[in-house]
Amino acid sequence: MEEKMVSADVKTAYDEFYQKHDVAWRMLGAKYKAQHIIDVCKGQQFKTVLEVGAGDGSILKLLSEQNFAPSYDAVEISDSGVEMIKKAGITNLRSAQEFDGYRLPFADDSFDLIILSHVLEHVEHERLLLRELKRVAKMFVIEVPRDYKANVDTRIKHFLAYGHINVYTPTSLRYLLRTEGFEVVTDLTSMIEPEVTKFNTYINQKKAKSLVTDFKIGAEYAVKNFIVGVMGKKKREELANAYTVLCKRSDEQLGVF
């Protein structure tokens with residue numbers, strides 16, 4: 001089988017992203033991603049944790065501050081990301097190193113848990129990466145944005161601008177995982193918090209602050225929460241902006257690859 005690795009263009013793009021992108025924005029996003037990991041892992045304990053596609057280390061930094069695990073490792077495709085991880089002040093970080101996007105530089109069963117947060121949507125050969133994760137760890141937290149919605153056809157350029165080449169629903173992610181020999185232990189859905197929407201509106205998009213805009217952002221969030229509270233899981237998954245699963249290797253292999 002031909003060995004896969006991320007292209008030089010992709011690697012350069014992420015090097016530039018971590019060099020240019022705003023730290024405050026990344027940390028705000030990481031705040032909620034880290035909390036989703038903590039929530040979906042409630043009741044579980046892990047000694048060794050690896051984050052694959054760790055970016056600038058923001059998520060591991062926040063997890064370490066909450067004593068999520070006693071030992072952390074990180075891999076990232078970009079040189080600039082690795083350097084930022086090493087400088088992030090992550091307590092009990094054992095290693096941060098570059099990898100080719102598919103092959104993890106660790107032995108079989110090296111970790112109790114692998115974190116893959118907002119990575120899978122960027123991966124050209126997603127099944128190959130999932131198989132490599134399964135080789136190296138026993139359990140996994142995977143979070144993806146819920147990009148596949150009614151207007152997805154009109155938003156292709158928008159998603160590609162963020163490097164999203166795969167789009168998911170909770171159902172399609174579960175299907176992918178099950179056919180690759182993963183069993184979902186627990187899951188959760190989440191919507192973009194008003195704090196994040198306001199930052200994106202006022203800071204990233206540089207729109208003038210407005211009480212009316214604040215009200216609309218808060219009202220939309222409240223209405224969606226009310227709807228999912230009344231209509232249950234199906235509607236919650238339909239309105240979600242992200243989907244997080246804790247899964248483990250399954251004895252049942254449904255795939256044919």
# chains A, B, ... in the order shown; residues from 1 in each chain; ligands from 1
call {"tool": "residues_around", "arguments": {"residues": "Val167 in chain A", "least_positions_apart": "5", "cutoff": "12 Å", "atoms": "only C-alpha atoms", "output": "PDB file with C-alpha atoms, in the first residue's frame"}}
result
ATOM      1  CA  HIS A 118     -11.488  19.171  15.073  1.00  0.00           C
ATOM      2  CA  VAL A 119      -8.946  17.267  13.008  1.00  0.00           C
ATOM      3  CA  LEU A 120     -10.854  14.597  11.095  1.00  0.00           C
ATOM      4  CA  GLU A 121     -12.622  17.138   8.889  1.00  0.00           C
ATOM      5  CA  HIS A 122      -9.190  18.177   7.536  1.00  0.00           C
ATOM      6  CA  VAL A 123      -7.879  14.660   6.789  1.00  0.00           C
ATOM      7  CA  GLU A 124      -7.760  13.422   3.205  1.00  0.00           C
ATOM      8  CA  GLU A 126      -9.597   9.671   7.287  1.00  0.00           C
ATOM      9  CA  VAL A 144     -15.944  17.201  14.692  1.00  0.00           C
ATOM     10  CA  PRO A 145     -17.932  20.261  13.621  1.00  0.00           C
ATOM     11  CA  ARG A 146     -21.419  19.497  12.381  1.00  0.00           C
ATOM     12  CA  ASP A 147     -20.953  21.048   8.933  1.00  0.00           C
ATOM     13  CA  TYR A 148     -23.364  18.846   6.985  1.00  0.00           C
ATOM     14  CA  LYS A 149     -26.595  20.846   7.084  1.00  0.00           C
ATOM     15  CA  VAL A 152     -23.970  22.760   2.819  1.00  0.00           C
ATOM     16  CA  ASP A 153     -23.925  23.051  -0.990  1.00  0.00           C
ATOM     17  CA  ARG A 155     -21.039  26.889   1.832  1.00  0.00           C
ATOM     18  CA  ILE A 156     -18.355  24.806   0.159  1.00  0.00           C
ATOM     19  CA  PHE A 159     -15.636  25.357   4.605  1.00  0.00           C
ATOM     20  CA  LEU A 160     -12.642  25.018   2.301  1.00  0.00           C
ATOM     21  CA  TYR A 162     -11.018  26.602   6.961  1.00  0.00           C
ATOM     22  CA  SER A 172     -22.263   9.867   9.633  1.00  0.00           C
ATOM     23  CA  LEU A 173     -19.454  10.046  12.204  1.00  0.00           C
ATOM     24  CA  LEU A 176     -17.591   5.895   9.999  1.00  0.00           C
ATOM     25  CA  ASN A 241     -22.510  22.885  15.879  1.00  0.00           C
ATOM     26  CA  ALA A 242     -20.179  20.154  17.134  1.00  0.00           C
ATOM     27  CA  TYR A 243     -20.355  16.486  18.048  1.00  0.00           C
TER      28      TYR A 243
END
call {"tool": "select_by_dssp", "arguments": {"residues": "range 19-245 of chain A", "states": "strand (DSSP E or B)", "output": "VMD selection string"}}
result
chain A and resid 48 to 52 71 to 76 93 to 98 111 to 117 137 to 145 182 to 190 242 to 245
call {"tool": "write_last_selection", "arguments": {"atoms": "C-alpha atoms", "output": "compact mmCIF listing (two decimals), in the first residue's frame"}}
result
# COMPACT_ATOMS: atom_id res chain seq x y z
CA THR A 48 -1.35 8.68 29.41
CA VAL A 49 -2.95 11.02 26.86
CA LEU A 50 -1.87 11.83 23.31
CA GLU A 51 -3.38 14.67 21.31
CA VAL A 52 -3.12 14.13 17.56
CA SER A 71 1.00 12.64 31.41
CA TYR A 72 0.57 14.28 28.00
CA ASP A 73 2.13 13.89 24.56
CA ALA A 74 1.36 15.80 21.36
CA VAL A 75 1.91 15.42 17.64
CA GLU A 76 1.29 18.08 15.00
CA LEU A 93 4.10 17.32 28.82
CA ARG A 94 6.44 14.45 27.91
CA SER A 95 6.88 15.17 24.22
CA ALA A 96 5.73 17.35 21.34
CA GLN A 97 6.84 16.33 17.89
CA GLU A 98 6.06 16.65 14.22
CA PHE A 111 -1.60 5.45 25.39
CA ASP A 112 -4.77 5.15 27.41
CA LEU A 113 -6.47 7.92 25.43
CA ILE A 114 -6.03 9.77 22.14
CA ILE A 115 -7.69 13.14 21.58
CA LEU A 116 -8.61 14.08 18.02
CA SER A 117 -10.40 17.43 18.28
CA ALA A 137 -4.39 3.68 22.04
CA LYS A 138 -7.27 1.98 23.82
CA MET A 139 -9.80 4.80 23.96
CA PHE A 140 -10.43 7.95 21.96
CA VAL A 141 -12.17 11.31 22.16
CA ILE A 142 -13.11 12.57 18.72
CA GLU A 143 -14.86 15.87 18.08
CA VAL A 144 -15.94 17.20 14.69
CA PRO A 145 -17.93 20.26 13.62
CA PHE A 182 -14.77 1.68 17.11
CA GLU A 183 -17.56 1.48 19.66
CA VAL A 184 -19.08 4.71 20.97
CA VAL A 185 -19.15 4.71 24.77
CA THR A 186 -20.81 8.08 25.24
CA ASP A 187 -21.37 11.23 23.23
CA LEU A 188 -22.51 14.81 23.45
CA THR A 189 -23.62 17.60 21.17
CA SER A 190 -22.87 21.29 21.59
CA ALA A 242 -20.18 20.15 17.13
CA TYR A 243 -20.35 16.49 18.05
CA THR A 244 -18.06 14.77 20.55
CA VAL A 245 -17.68 11.04 21.19
call {"tool": "atom_distance", "arguments": {"atom1": "CA of Ile227 in chain A", "atom2": "CA of Lys33 in chain A"}}
result
23.1 Å
call {"tool": "closest_residue", "arguments": {"among": "A:Ser210, A:Asn204, A:Asn67, A:Gln44", "to": "Asp22 in chain A", "atoms": "only C-alpha atoms"}}
result
A:Asn204
call {"tool": "select_by_dssp", "arguments": {"residues": "range 58-256 of chain A", "states": "helix (DSSP H, G or I)", "output": "MDAnalysis selection string"}}
result
chainID A and resid 58:65 79:86 120:122 126:136 152:161 170:179 194:204 211:231 233:239
call {"tool": "decode", "arguments": {"residues": "range 76-98 of chain A", "atoms": "N, CA, C and O atoms", "output": "PDB file, in the first residue's frame"}}
result
ATOM      1  N   GLU A  76       1.862  17.029  15.841  1.00  0.00           N
ATOM      2  CA  GLU A  76       1.288  18.082  14.999  1.00  0.00           C
ATOM      3  C   GLU A  76       2.047  18.067  13.669  1.00  0.00           C
ATOM      4  O   GLU A  76       3.229  17.710  13.622  1.00  0.00           O
ATOM      5  N   ILE A  77       1.365  18.439  12.589  1.00  0.00           N
ATOM      6  CA  ILE A  77       2.011  18.387  11.272  1.00  0.00           C
ATOM      7  C   ILE A  77       2.889  19.589  10.987  1.00  0.00           C
ATOM      8  O   ILE A  77       3.708  19.552  10.074  1.00  0.00           O
ATOM      9  N   SER A  78       2.746  20.668  11.753  1.00  0.00           N
ATOM     10  CA  SER A  78       3.477  21.898  11.443  1.00  0.00           C
ATOM     11  C   SER A  78       4.595  22.161  12.443  1.00  0.00           C
ATOM     12  O   SER A  78       4.442  21.948  13.650  1.00  0.00           O
ATOM     13  N   ASP A  79       5.718  22.642  11.943  1.00  0.00           N
ATOM     14  CA  ASP A  79       6.844  23.022  12.804  1.00  0.00           C
ATOM     15  C   ASP A  79       6.449  24.115  13.789  1.00  0.00           C
ATOM     16  O   ASP A  79       6.801  24.067  14.968  1.00  0.00           O
ATOM     17  N   SER A  80       5.719  25.113  13.279  1.00  0.00           N
ATOM     18  CA  SER A  80       5.363  26.240  14.143  1.00  0.00           C
ATOM     19  C   SER A  80       4.427  25.793  15.257  1.00  0.00           C
ATOM     20  O   SER A  80       4.523  26.268  16.386  1.00  0.00           O
ATOM     21  N   GLY A  81       3.520  24.846  14.948  1.00  0.00           N
ATOM     22  CA  GLY A  81       2.634  24.327  15.982  1.00  0.00           C
ATOM     23  C   GLY A  81       3.412  23.607  17.067  1.00  0.00           C
ATOM     24  O   GLY A  81       3.167  23.806  18.259  1.00  0.00           O
ATOM     25  N   VAL A  82       4.369  22.776  16.682  1.00  0.00           N
ATOM     26  CA  VAL A  82       5.180  22.041  17.657  1.00  0.00           C
ATOM     27  C   VAL A  82       5.933  22.997  18.570  1.00  0.00           C
ATOM     28  O   VAL A  82       5.996  22.804  19.797  1.00  0.00           O
ATOM     29  N   GLU A  83       6.500  24.038  17.988  1.00  0.00           N
ATOM     30  CA  GLU A  83       7.234  25.017  18.806  1.00  0.00           C
ATOM     31  C   GLU A  83       6.312  25.721  19.791  1.00  0.00           C
ATOM     32  O   GLU A  83       6.693  25.984  20.937  1.00  0.00           O
ATOM     33  N   MET A  84       5.095  26.020  19.356  1.00  0.00           N
ATOM     34  CA  MET A  84       4.142  26.674  20.258  1.00  0.00           C
ATOM     35  C   MET A  84       3.706  25.738  21.372  1.00  0.00           C
ATOM     36  O   MET A  84       3.519  26.161  22.517  1.00  0.00           O
ATOM     37  N   ILE A  85       3.530  24.456  21.054  1.00  0.00           N
ATOM     38  CA  ILE A  85       3.168  23.475  22.082  1.00  0.00           C
ATOM     39  C   ILE A  85       4.251  23.420  23.157  1.00  0.00           C
ATOM     40  O   ILE A  85       3.965  23.418  24.361  1.00  0.00           O
ATOM     41  N   LYS A  86       5.510  23.381  22.727  1.00  0.00           N
ATOM     42  CA  LYS A  86       6.618  23.295  23.680  1.00  0.00           C
ATOM     43  C   LYS A  86       6.709  24.513  24.581  1.00  0.00           C
ATOM     44  O   LYS A  86       7.174  24.425  25.723  1.00  0.00           O
ATOM     45  N   LYS A  87       6.238  25.655  24.086  1.00  0.00           N
ATOM     46  CA  LYS A  87       6.307  26.904  24.853  1.00  0.00           C
ATOM     47  C   LYS A  87       5.019  27.209  25.617  1.00  0.00           C
ATOM     48  O   LYS A  87       4.930  28.240  26.287  1.00  0.00           O
ATOM     49  N   ALA A  88       4.030  26.322  25.521  1.00  0.00           N
ATOM     50  CA  ALA A  88       2.701  26.621  26.076  1.00  0.00           C
ATOM     51  C   ALA A  88       2.615  26.460  27.588  1.00  0.00           C
ATOM     52  O   ALA A  88       1.617  26.836  28.190  1.00  0.00           O
ATOM     53  N   GLY A  89       3.631  25.874  28.191  1.00  0.00           N
ATOM     54  CA  GLY A  89       3.595  25.686  29.640  1.00  0.00           C
ATOM     55  C   GLY A  89       2.651  24.584  30.073  1.00  0.00           C
ATOM     56  O   GLY A  89       1.960  24.707  31.098  1.00  0.00           O
ATOM     57  N   ILE A  90       2.604  23.496  29.315  1.00  0.00           N
ATOM     58  CA  ILE A  90       1.713  22.377  29.620  1.00  0.00           C
ATOM     59  C   ILE A  90       2.363  21.504  30.690  1.00  0.00           C
ATOM     60  O   ILE A  90       3.425  20.921  30.482  1.00  0.00           O
ATOM     61  N   THR A  91       1.734  21.429  31.833  1.00  0.00           N
ATOM     62  CA  THR A  91       2.270  20.626  32.933  1.00  0.00           C
ATOM     63  C   THR A  91       2.291  19.149  32.546  1.00  0.00           C
ATOM     64  O   THR A  91       1.325  18.622  32.006  1.00  0.00           O
ATOM     65  N   ASN A  92       3.404  18.487  32.832  1.00  0.00           N
ATOM     66  CA  ASN A  92       3.571  17.047  32.568  1.00  0.00           C
ATOM     67  C   ASN A  92       3.508  16.694  31.081  1.00  0.00           C
ATOM     68  O   ASN A  92       3.087  15.587  30.714  1.00  0.00           O
ATOM     69  N   LEU A  93       3.956  17.625  30.241  1.00  0.00           N
ATOM     70  CA  LEU A  93       4.096  17.320  28.818  1.00  0.00           C
ATOM     71  C   LEU A  93       5.382  16.528  28.607  1.00  0.00           C
ATOM     72  O   LEU A  93       6.477  17.025  28.875  1.00  0.00           O
ATOM     73  N   ARG A  94       5.258  15.298  28.126  1.00  0.00           N
ATOM     74  CA  ARG A  94       6.437  14.454  27.913  1.00  0.00           C
ATOM     75  C   ARG A  94       7.107  14.743  26.578  1.00  0.00           C
ATOM     76  O   ARG A  94       8.339  14.759  26.485  1.00  0.00           O
ATOM     77  N   SER A  95       6.297  14.951  25.535  1.00  0.00           N
ATOM     78  CA  SER A  95       6.885  15.172  24.222  1.00  0.00           C
ATOM     79  C   SER A  95       5.919  15.938  23.338  1.00  0.00           C
ATOM     80  O   SER A  95       4.701  15.859  23.492  1.00  0.00           O
ATOM     81  N   ALA A  96       6.485  16.695  22.406  1.00  0.00           N
ATOM     82  CA  ALA A  96       5.728  17.349  21.335  1.00  0.00           C
ATOM     83  C   ALA A  96       6.577  17.220  20.093  1.00  0.00           C
ATOM     84  O   ALA A  96       7.729  17.655  20.067  1.00  0.00           O
ATOM     85  N   GLN A  97       6.036  16.586  19.076  1.00  0.00           N
ATOM     86  CA  GLN A  97       6.841  16.326  17.887  1.00  0.00           C
ATOM     87  C   GLN A  97       5.996  16.388  16.621  1.00  0.00           C
ATOM     88  O   GLN A  97       4.777  16.264  16.650  1.00  0.00           O
ATOM     89  N   GLU A  98       6.700  16.585  15.530  1.00  0.00           N
ATOM     90  CA  GLU A  98       6.063  16.647  14.223  1.00  0.00           C
ATOM     91  C   GLU A  98       5.798  15.230  13.724  1.00  0.00           C
ATOM     92  O   GLU A  98       6.563  14.314  14.010  1.00  0.00           O
TER      93      GLU A  98
END
